[in-house]
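Source file: input24.json. Holds: JSON, C-alpha atoms.
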[["chain", "number", "residue", "atom", "x", "y", "z"],
["A", 242, "MET", "CA", 2.41, 9.30, 5.34],
["A", 243, "SER", "CA", 5.56, 7.22, 5.09],
["A", 244, "SER", "CA", 7.49, 6.50, 1.93],
["A", 245, "ILE", "CA", 9.54, 3.67, 0.46],
["A", 246, "VAL", "CA", 11.74, 3.50, -2.61],
["A", 247, "THR", "CA", 10.99, 0.69, -5.02],
["A", 248, "GLY", "CA", 13.54, -1.27, -7.02],
["A", 249, "GLU", "CA", 12.81, 1.05, -9.93],
["A", 250, "ALA", "CA", 13.88, 4.06, -7.84],
["A", 251, "VAL", "CA", 10.34, 5.40, -7.45],
["A", 252, "VAL", "CA", 9.15, 6.76, -4.12],
["A", 253, "LEU", "CA", 5.79, 5.35, -3.07],
["A", 254, "GLU", "CA", 3.68, 6.81, -0.31],
["A", 255, "LEU", "CA", 2.13, 4.36, 2.18],
["A", 256, "ARG", "CA", -0.82, 5.49, 4.27],
["A", 257, "PRO", "CA", -0.63, 4.35, 7.89],
["A", 258, "ALA", "CA", -3.89, 3.16, 9.40],
["A", 259, "SER", "CA", -5.72, 5.46, 11.76],
["A", 260, "PHE", "CA", -6.17, 4.64, 15.42],
["A", 261, "ALA", "CA", -9.93, 4.14, 14.95],
["A", 262, "ALA", "CA", -9.46, 1.71, 12.05],
["A", 263, "ARG", "CA", -6.87, -0.30, 13.96],
["A", 264, "ALA", "CA", -9.09, -0.41, 17.05],
["A", 265, "LEU", "CA", -12.07, -1.64, 15.04],
["A", 266, "GLY", "CA", -10.02, -4.33, 13.32],
["A", 267, "LEU", "CA", -8.56, -5.42, 16.65],
["A", 268, "LEU", "CA", -12.00, -5.65, 18.26],
["A", 269, "LEU", "CA", -13.22, -7.86, 15.41],
["A", 270, "ASP", "CA", -10.19, -10.14, 15.74],
["A", 271, "MET", "CA", -10.63, -10.33, 19.51],
["A", 272, "ALA", "CA", -14.30, -11.21, 19.14],
["A", 273, "LEU", "CA", -13.52, -13.99, 16.69],
["A", 274, "SER", "CA", -10.75, -15.39, 18.90],
["A", 275, "ILE", "CA", -12.99, -15.36, 21.98],
["A", 276, "VAL", "CA", -15.84, -17.03, 20.10],
["A", 277, "LEU", "CA", -13.44, -19.75, 18.94],
["A", 278, "LEU", "CA", -12.17, -20.18, 22.50],
["A", 279, "VAL", "CA", -15.69, -20.47, 23.91],
["A", 280, "VAL", "CA", -16.62, -23.09, 21.32],
["A", 281, "ILE", "CA", -13.52, -25.13, 22.13],
["A", 282, "LEU", "CA", -14.11, -24.87, 25.89],
["A", 283, "ILE", "CA", -17.71, -26.01, 25.48],
["A", 284, "GLY", "CA", -16.50, -28.96, 23.46],
["A", 285, "LEU", "CA", -13.87, -29.84, 26.08],
["A", 286, "SER", "CA", -16.45, -29.56, 28.83],
["A", 287, "ALA", "CA", -18.74, -31.98, 27.05],
["A", 288, "ALA", "CA", -16.01, -34.44, 26.11],
["A", 289, "GLY", "CA", -13.72, -34.28, 29.12],
["A", 290, "GLY", "CA", -16.05, -34.96, 32.01],
["A", 291, "ASP", "CA", -13.95, -37.89, 33.25],
["A", 292, "LEU", "CA", -10.67, -35.92, 33.42],
["A", 293, "ASP", "CA", -9.25, -34.78, 36.72],
["A", 294, "GLY", "CA", -8.88, -31.11, 37.62],
["A", 295, "ALA", "CA", -5.20, -30.83, 36.61],
["A", 296, "ALA", "CA", -5.86, -32.26, 33.14],
["A", 297, "GLN", "CA", -8.83, -29.97, 32.64],
["A", 298, "ARG", "CA", -6.79, -26.91, 33.64],
["A", 299, "ALA", "CA", -4.02, -27.95, 31.25],
["A", 300, "LEU", "CA", -6.50, -28.30, 28.39],
["A", 301, "VAL", "CA", -8.04, -24.93, 29.19],
["A", 302, "LEU", "CA", -4.62, -23.27, 29.24],
["A", 303, "ALA", "CA", -3.66, -24.96, 25.96],
["A", 304, "SER", "CA", -6.94, -23.78, 24.41],
["A", 305, "VAL", "CA", -6.31, -20.20, 25.52],
["A", 306, "VAL", "CA", -2.79, -20.21, 24.06],
["A", 307, "PHE", "CA", -4.05, -21.83, 20.85],
["A", 308, "CYS", "CA", -6.89, -19.35, 20.27],
["A", 309, "LEU", "CA", -5.24, -16.14, 21.47],
["A", 310, "VAL", "CA", -1.64, -16.67, 20.32],
["A", 311, "ILE", "CA", -1.11, -19.57, 17.91],
["A", 312, "VAL", "CA", -4.09, -18.90, 15.63],
["A", 313, "PRO", "CA", -3.42, -15.13, 15.22],
["A", 314, "VAL", "CA", 0.28, -15.77, 14.57],
["A", 315, "ALA", "CA", -0.48, -18.47, 12.00],
["A", 316, "VAL", "CA", -3.09, -16.35, 10.22],
["A", 317, "GLU", "CA", -0.83, -13.29, 9.98],
["A", 318, "THR", "CA", 2.11, -15.40, 8.80],
["A", 319, "LEU", "CA", 0.20, -17.26, 6.09],
["A", 320, "SER", "CA", -1.67, -14.16, 4.88],
["A", 321, "ARG", "CA", 1.40, -11.88, 5.05],
["A", 322, "GLY", "CA", -0.08, -9.43, 7.54],
["A", 323, "LEU", "CA", -3.82, -9.93, 7.17],
["A", 324, "SER", "CA", -6.52, -11.22, 9.51],
["A", 325, "LEU", "CA", -10.29, -11.34, 9.29],
["A", 326, "GLY", "CA", -10.60, -8.12, 11.28],
["A", 327, "LYS", "CA", -7.99, -6.30, 9.20],
["A", 328, "LEU", "CA", -9.54, -7.64, 6.01],
["A", 329, "ALA", "CA", -12.94, -6.28, 7.09],
["A", 330, "VAL", "CA", -11.63, -2.74, 7.72],
["A", 331, "GLY", "CA", -9.13, -2.71, 4.84],
["A", 332, "LEU", "CA", -5.81, -2.88, 6.69],
["A", 333, "ARG", "CA", -2.60, -4.87, 6.41],
["A", 334, "VAL", "CA", 0.42, -5.14, 8.69],
["A", 335, "VAL", "CA", 3.76, -4.54, 6.95],
["A", 336, "ARG", "CA", 7.40, -4.13, 7.95],
["A", 337, "GLU", "CA", 8.84, -0.66, 8.50],
["A", 338, "ASP", "CA", 10.34, -0.79, 5.00],
["A", 339, "GLY", "CA", 6.93, -1.59, 3.49],
["A", 340, "GLY", "CA", 7.62, -5.29, 2.86],
["A", 341, "ALA", "CA", 5.47, -8.26, 3.87],
["A", 342, "ILE", "CA", 5.88, -9.54, 7.41],
["A", 343, "ARG", "CA", 7.29, -12.98, 8.17],
["A", 344, "PHE", "CA", 6.83, -15.53, 10.95],
["A", 345, "ARG", "CA", 9.26, -13.70, 13.24],
["A", 346, "HIS", "CA", 7.25, -10.48, 13.05],
["A", 347, "ALA", "CA", 3.92, -12.27, 13.53],
["A", 348, "LEU", "CA", 5.30, -14.22, 16.51],
["A", 349, "ILE", "CA", 6.56, -11.11, 18.29],
["A", 350, "ARG", "CA", 3.26, -9.34, 17.64],
["A", 351, "GLY", "CA", 1.27, -12.35, 18.84],
["A", 352, "LEU", "CA", 3.22, -12.92, 22.07],
["A", 353, "THR", "CA", 3.26, -9.24, 22.91],
["A", 354, "GLY", "CA", -0.39, -8.90, 21.96],
["A", 355, "PHE", "CA", -1.39, -11.50, 24.54],
["A", 356, "LEU", "CA", 0.14, -9.25, 27.21],
["A", 357, "GLU", "CA", -0.95, -5.83, 25.98],
["A", 358, "ILE", "CA", -4.41, -6.77, 24.69],
["A", 359, "TYR", "CA", -5.79, -9.61, 26.80],
["A", 360, "LEU", "CA", -3.93, -9.42, 30.10],
["A", 361, "THR", "CA", -4.36, -5.63, 30.35],
["A", 362, "PHE", "CA", -7.77, -5.57, 28.60],
["A", 363, "GLY", "CA", -6.28, -3.49, 25.81],
["A", 364, "GLY", "CA", -5.13, -0.70, 28.08],
["A", 365, "LEU", "CA", -1.43, -1.05, 27.31],
["A", 366, "ALA", "CA", -2.04, -1.28, 23.55],
["A", 367, "ILE", "CA", -4.23, 1.85, 23.60],
["A", 368, "ALA", "CA", -1.77, 3.82, 25.73],
["A", 369, "VAL", "CA", 1.15, 3.04, 23.42],
["A", 370, "ALA", "CA", -0.81, 3.55, 20.17],
["A", 371, "LEU", "CA", -2.06, 6.98, 21.21],
["A", 372, "PHE", "CA", 1.45, 8.35, 21.63],
["A", 373, "ASN", "CA", 3.09, 7.53, 18.28],
["A", 374, "GLU", "CA", 2.35, 8.86, 14.80],
["A", 375, "ARG", "CA", 1.47, 5.53, 13.16],
["A", 376, "SER", "CA", -0.80, 4.26, 15.97],
["A", 377, "ARG", "CA", 1.60, 1.37, 16.57],
["A", 378, "ARG", "CA", 1.03, -0.82, 19.58],
["A", 379, "LEU", "CA", 3.84, -2.30, 21.65],
["A", 380, "GLY", "CA", 3.98, -5.44, 19.52],
["A", 381, "ASP", "CA", 4.53, -3.32, 16.40],
["A", 382, "LEU", "CA", 7.35, -1.37, 18.05],
["A", 383, "LEU", "CA", 9.12, -4.57, 19.08],
["A", 384, "ALA", "CA", 8.54, -6.36, 15.76],
["A", 385, "GLY", "CA", 9.32, -3.36, 13.55],
["A", 386, "THR", "CA", 5.89, -3.31, 11.89],
["A", 387, "TYR", "CA", 2.90, -1.04, 11.41],
["A", 388, "ALA", "CA", -0.52, -1.16, 9.77],
["A", 389, "ILE", "CA", -1.32, 0.48, 6.45],
["A", 390, "ARG", "CA", -4.55, 1.15, 4.61],
["A", 391, "ARG", "CA", -5.25, -1.30, 1.79],
["A", 392, "ARG", "CA", -8.27, 0.52, 0.46],
["A", 393, "VAL", "CA", -7.15, 3.85, -0.94],
["A", 394, "PRO", "CA", -8.97, 5.96, -3.53],
["A", 395, "VAL", "CA", -7.88, 5.21, -7.07],
["A", 396, "GLU", "CA", -6.13, 8.25, -8.46],
["A", 397, "GLN", "CA", -6.46, 8.89, -12.16],
["A", 398, "SER", "CA", -3.00, 9.45, -13.61],
["A", 399, "ALA", "CA", -2.61, 12.75, -15.40],
["A", 400, "PRO", "CA", -2.08, 12.53, -19.18],
["A", 401, "VAL", "CA", 1.54, 12.89, -20.24],
["A", 402, "PHE", "CA", 2.22, 15.27, -23.10],
["A", 403, "VAL", "CA", 5.12, 17.20, -24.57],
["A", 404, "PRO", "CA", 5.17, 20.77, -23.19],
["A", 405, "PRO", "CA", 4.47, 23.23, -26.04],
["A", 406, "ARG", "CA", 7.87, 24.91, -25.86],
["A", 407, "LEU", "CA", 9.60, 21.53, -26.24],
["A", 408, "GLN", "CA", 7.52, 20.09, -29.09],
["A", 409, "ALA", "CA", 9.93, 21.10, -31.86],
["A", 410, "TRP", "CA", 12.92, 19.82, -29.91],
["A", 411, "ALA", "CA", 11.24, 16.52, -29.00],
["A", 412, "ALA", "CA", 10.15, 15.85, -32.60],
["A", 413, "ALA", "CA", 13.77, 16.11, -33.81],
["A", 414, "ALA", "CA", 15.53, 14.55, -30.80],
["A", 415, "ASP", "CA", 17.25, 11.19, -30.98],
["A", 416, "ILE", "CA", 15.64, 9.13, -28.19],
["A", 417, "GLY", "CA", 16.00, 5.68, -29.69],
["A", 418, "ARG", "CA", 18.96, 4.73, -27.54],
["A", 419, "ILE", "CA", 17.19, 5.05, -24.17],
["A", 420, "PRO", "CA", 17.44, 1.74, -22.23],
["A", 421, "ASP", "CA", 14.09, 0.18, -21.36],
["A", 422, "ALA", "CA", 14.87, 0.22, -17.64],
["A", 423, "THR", "CA", 15.61, 3.95, -17.68],
["A", 424, "ALA", "CA", 12.47, 4.69, -19.69],
["A", 425, "ARG", "CA", 10.44, 2.59, -17.27],
["A", 426, "ARG", "CA", 11.79, 4.52, -14.27],
["A", 427, "ALA", "CA", 10.93, 7.81, -15.96],
["A", 428, "SER", "CA", 7.37, 6.64, -16.72],
["A", 429, "GLN", "CA", 6.82, 5.37, -13.20],
["A", 430, "PHE", "CA", 8.16, 8.61, -11.75],
["A", 431, "ILE", "CA", 5.66, 10.63, -13.79],
["A", 432, "ARG", "CA", 2.78, 8.42, -12.61],
["A", 433, "GLN", "CA", 3.83, 8.71, -8.96],
["A", 434, "ALA", "CA", 5.00, 12.34, -8.96],
["A", 435, "GLY", "CA", 1.70, 13.74, -7.69],
["A", 436, "ARG", "CA", 1.94, 11.66, -4.51],
["A", 437, "MET", "CA", 5.57, 12.43, -3.71],
["A", 438, "ALA", "CA", 6.90, 14.96, -1.24],
["A", 439, "PRO", "CA", 8.24, 18.08, -3.01],
["A", 440, "LEU", "CA", 11.87, 17.51, -2.01],
["A", 441, "SER", "CA", 11.76, 13.83, -2.97],
["A", 442, "ARG", "CA", 10.11, 14.68, -6.28],
["A", 443, "ALA", "CA", 12.68, 17.34, -7.18],
["A", 444, "GLY", "CA", 15.63, 15.11, -6.32],
["A", 445, "MET", "CA", 14.26, 12.10, -8.15],
["A", 446, "ALA", "CA", 13.38, 14.16, -11.24],
["A", 447, "GLU", "CA", 16.90, 15.58, -11.39],
["A", 448, "SER", "CA", 18.45, 12.13, -11.00],
["A", 449, "ILE", "CA", 16.35, 10.47, -13.73],
["A", 450, "ALA", "CA", 16.73, 13.44, -16.08],
["A", 451, "THR", "CA", 20.50, 13.23, -15.73],
["A", 452, "GLU", "CA", 20.36, 9.51, -16.54],
["A", 453, "LEU", "CA", 18.19, 10.14, -19.59],
["A", 454, "ALA", "CA", 20.46, 12.92, -20.85],
["A", 455, "ALA", "CA", 23.23, 10.37, -21.49],
["A", 456, "HIS", "CA", 21.03, 8.71, -24.15],
["A", 457, "VAL", "CA", 19.20, 11.70, -25.68],
["A", 458, "ALA", "CA", 20.60, 14.14, -28.24],
["A", 459, "PRO", "CA", 20.66, 17.05, -28.69],
["A", 460, "PRO", "CA", 20.17, 18.49, -25.18],
["A", 461, "PRO", "CA", 16.91, 20.36, -24.51],
["A", 462, "PRO", "CA", 16.65, 24.16, -24.77],
["A", 463, "PRO", "CA", 18.33, 26.08, -21.93],
["A", 464, "GLY", "CA", 16.14, 26.55, -18.88],
["A", 465, "THR", "CA", 14.16, 23.33, -19.32],
["A", 466, "SER", "CA", 13.09, 21.94, -15.95],
["A", 467, "PRO", "CA", 13.68, 18.25, -15.13],
["A", 468, "ASP", "CA", 9.90, 17.64, -14.91],
["A", 469, "ASP", "CA", 9.26, 19.11, -18.38],
["A", 470, "TYR", "CA", 12.25, 17.24, -19.79],
["A", 471, "LEU", "CA", 11.00, 13.90, -18.47],
["A", 472, "ALA", "CA", 7.45, 14.57, -19.68],
["A", 473, "ALA", "CA", 8.69, 15.49, -23.15],
["A", 474, "VAL", "CA", 10.93, 12.43, -23.52],
["A", 475, "VAL", "CA", 8.36, 9.96, -22.15],
["A", 476, "ALA", "CA", 5.49, 11.38, -24.23],
["A", 477, "GLU", "CA", 7.54, 11.52, -27.44],
["A", 478, "ARG", "CA", 8.89, 8.00, -26.92],
["A", 479, "ARG", "CA", 5.39, 6.68, -26.35],
["A", 480, "SER", "CA", 4.09, 8.48, -29.47],
["A", 481, "ARG", "CA", 6.85, 6.99, -31.62],
["A", 482, "GLU", "CA", 6.24, 3.50, -30.24],
["A", 483, "LEU", "CA", 2.52, 3.80, -30.95],
["A", 484, "ALA", "CA", 3.29, 5.02, -34.47],
["A", 485, "ARG", "CA", 5.63, 2.06, -35.07],
["A", 486, "LEU", "CA", 3.03, -0.34, -33.72],
["A", 487, "GLY", "CA", 0.38, 1.16, -36.00],
["A", 488, "LYS", "CA", 2.63, 0.81, -39.04],
["A", 489, "ALA", "CA", 3.45, -2.80, -38.15],
["A", 490, "ARG", "CA", -0.24, -3.65, -37.84],
["A", 491, "ARG", "CA", -1.07, -2.03, -41.15],
["A", 492, "ARG", "CA", 1.84, -3.81, -42.82],
["A", 493, "ASN", "CA", 0.72, -7.16, -41.40],
["A", 494, "ALA", "CA", -2.84, -6.50, -42.51],
["A", 495, "GLU", "CA", -1.71, -5.65, -46.05],
["A", 496, "THR", "CA", 0.48, -8.75, -46.19],
["A", 497, "GLY", "CA", -2.38, -10.93, -45.03],
["A", 498, "GLU", "CA", -4.68, -9.42, -47.64],
["A", 499, "ARG", "CA", -2.18, -10.05, -50.44],
["A", 500, "LEU", "CA", -1.72, -13.65, -49.35],
["A", 501, "HIS", "CA", -5.46, -14.09, -49.24],
["A", 502, "ARG", "CA", -5.73, -12.93, -52.86],
["A", 503, "LEU", "CA", -3.13, -15.40, -54.16],
["A", 504, "PRO", "CA", -4.63, -18.19, -56.27],
["A", 505, "PHE", "CA", -4.82, -21.50, -54.48],
["A", 506, "SER", "CA", -2.24, -24.01, -55.62],
["A", 507, "GLY", "CA", -2.71, -27.57, -54.68]]
What is this structure when it is put down as structure tokens?
Amino acid sequence: MSSIVTGEAVVLELRPASFAARALGLLLDMALSIVLLVVILIGLSAAGGDLDGAAQRALVLASVVFCLVIVPVAVETLSRGLSLGKLAVGLRVVREDGGAIRFRHALIRGLTGFLEIYLTFGGLAIAVALFNERSRRLGDLLAGTYAIRRRVPVEQSAPVFVPPRLQAWAAAADIGRIPDATARRASQFIRQAGRMAPLSRAGMAESIATELAAHVAPPPPPGTSPDDYLAAVVAERRSRELARLGKARRRNAETGERLHRLPFSG
């Protein structure tokens, strides 16, 4: 797996596509491109019978470039890394930092792909993809891209609760001054923690716990781990927000009932 850090300081794991999945998606894209090319050539043959040999060769060359380079580049650019073949097998091409590709990346992949896929019958693409960990072909290496899996199993997030030894502390702690952005980072960290590498998880937990500590009083009992501290603060904050929301709803309902009982005055 590879990882990226989001704007909320949460590490996300991206799953690179396997060699088999990439090969299947590529074969589907190649088949579609060749079918399109054959259809265009048949149409040119039927409509261009009066053209001389040079004009016919120029049209054939233009058709090849259009179907095997221009169309794939345009599709990947407009769909931000998708194609019909990748869509069928659940893949997407992204930049090395996990972002969506742009025209420059699609163009490099398309031009290089014509060489490594069609001119070498896929031999160069296979040889390069087999000897790197993300199954990247030459076009990916030059463009700074790779393919990731779009279809991943949905993981049920574990329930967040206050650890038993911290329940008394959390109930009395002042957590009302926590900024929303900090609370959001803590919540997102807890949701993503199970998919993070141990070292990344420990470092991120320590960093967010330190940030929270500036807005929470009193400090937790000695020996509290960053993970337990974050879980306690997030769970207690959520419980208090739910309690406030419940009180507001009941208050609104009571107000509405009293207004309903008032005599009508015209």
Taken to one decimal, the atom CA of Gly266 of chain A-atom CA of Val305 of chain A distance is 20.4 Å
Q: Would you kindly return, as a PyMOL selection string, each protein, DNA or RNA residue with an atom no farther than 8 Å from any atom of segment 441-451 of chain A, considering only C-alpha atoms and excluding same-chain residues fewer than 4 positions away?
A: chain A and resi 251-252+423+426-427+430+434+437+455+467-468+470-471
Can those selected residues be exported to a file as a tab-separated table (two decimals), in the coordinates of the input so that it contains C-alpha atoms?
chain	number	residue	atom	x	y	z
A	251	VAL	CA	10.34	5.40	-7.45
A	252	VAL	CA	9.15	6.76	-4.12
A	423	THR	CA	15.61	3.95	-17.68
A	426	ARG	CA	11.79	4.52	-14.27
A	427	ALA	CA	10.93	7.81	-15.96
A	430	PHE	CA	8.16	8.61	-11.75
A	434	ALA	CA	5.00	12.34	-8.96
A	437	MET	CA	5.57	12.43	-3.71
A	455	ALA	CA	23.23	10.37	-21.49
A	467	PRO	CA	13.68	18.25	-15.13
A	468	ASP	CA	9.90	17.64	-14.91
A	470	TYR	CA	12.25	17.24	-19.79
A	471	LEU	CA	11.00	13.90	-18.47
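Atom pair atom CA of Arg478 of chain A / atom CA of Pro461 of chain A: separated by 14.9 Å.
As for atom CA of Gln408 of chain A and atom CA of Arg481 of chain A, they are spaced 13.4 Å apart.
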Of A:Leu440, A:Met271, A:Arg502, A:Arg321, the one nearest to Arg345 of chain A when counting only C-alpha atoms is A:Arg321
Contact residues around segment 331-338 of chain A with all atoms listed in the file at 9 Å, ignoring same-chain residues under 2 positions, as a short mmCIF file (atom, residue, chain, number, x, y, z; two decimals) with C-alpha atoms, in the coordinates of the input:
data_model
loop_
_atom_site.label_atom_id
_atom_site.label_comp_id
_atom_site.auth_asym_id
_atom_site.auth_seq_id
_atom_site.Cartn_x
_atom_site.Cartn_y
_atom_site.Cartn_z
CA SER A 244 7.49 6.50 1.93
CA ILE A 245 9.54 3.67 0.46
CA VAL A 246 11.74 3.50 -2.61
CA PRO A 257 -0.63 4.35 7.89
CA ALA A 258 -3.89 3.16 9.40
CA ALA A 262 -9.46 1.71 12.05
CA ARG A 263 -6.87 -0.30 13.96
CA GLY A 266 -10.02 -4.33 13.32
CA GLU A 317 -0.83 -13.29 9.98
CA ARG A 321 1.40 -11.88 5.05
CA GLY A 322 -0.08 -9.43 7.54
CA LEU A 323 -3.82 -9.93 7.17
CA SER A 324 -6.52 -11.22 9.51
CA GLY A 326 -10.60 -8.12 11.28
CA LYS A 327 -7.99 -6.30 9.20
CA LEU A 328 -9.54 -7.64 6.01
CA ALA A 329 -12.94 -6.28 7.09
CA GLY A 340 7.62 -5.29 2.86
CA ALA A 341 5.47 -8.26 3.87
CA ILE A 342 5.88 -9.54 7.41
CA ARG A 343 7.29 -12.98 8.17
CA HIS A 346 7.25 -10.48 13.05
CA ASP A 381 4.53 -3.32 16.40
CA ALA A 384 8.54 -6.36 15.76
CA GLY A 385 9.32 -3.36 13.55
CA THR A 386 5.89 -3.31 11.89
CA TYR A 387 2.90 -1.04 11.41
CA ALA A 388 -0.52 -1.16 9.77
CA ILE A 389 -1.32 0.48 6.45
CA ARG A 390 -4.55 1.15 4.61
CA ARG A 391 -5.25 -1.30 1.79
CA ARG A 392 -8.27 0.52 0.46
CA VAL A 393 -7.15 3.85 -0.94
#
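Every protein, DNA or RNA residue with an atom at most 7 Å from Leu277 of chain A, where only C-alpha atoms count and chain neighbours fewer than 4 positions away do not, is listed here: Leu273, Ile281 and Cys308 of chain A.
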Selection near Ala409 of chain A, 12 Å with all atoms listed in the file, sequence-local residues under 5 positions removed, as a count of residues only | 8
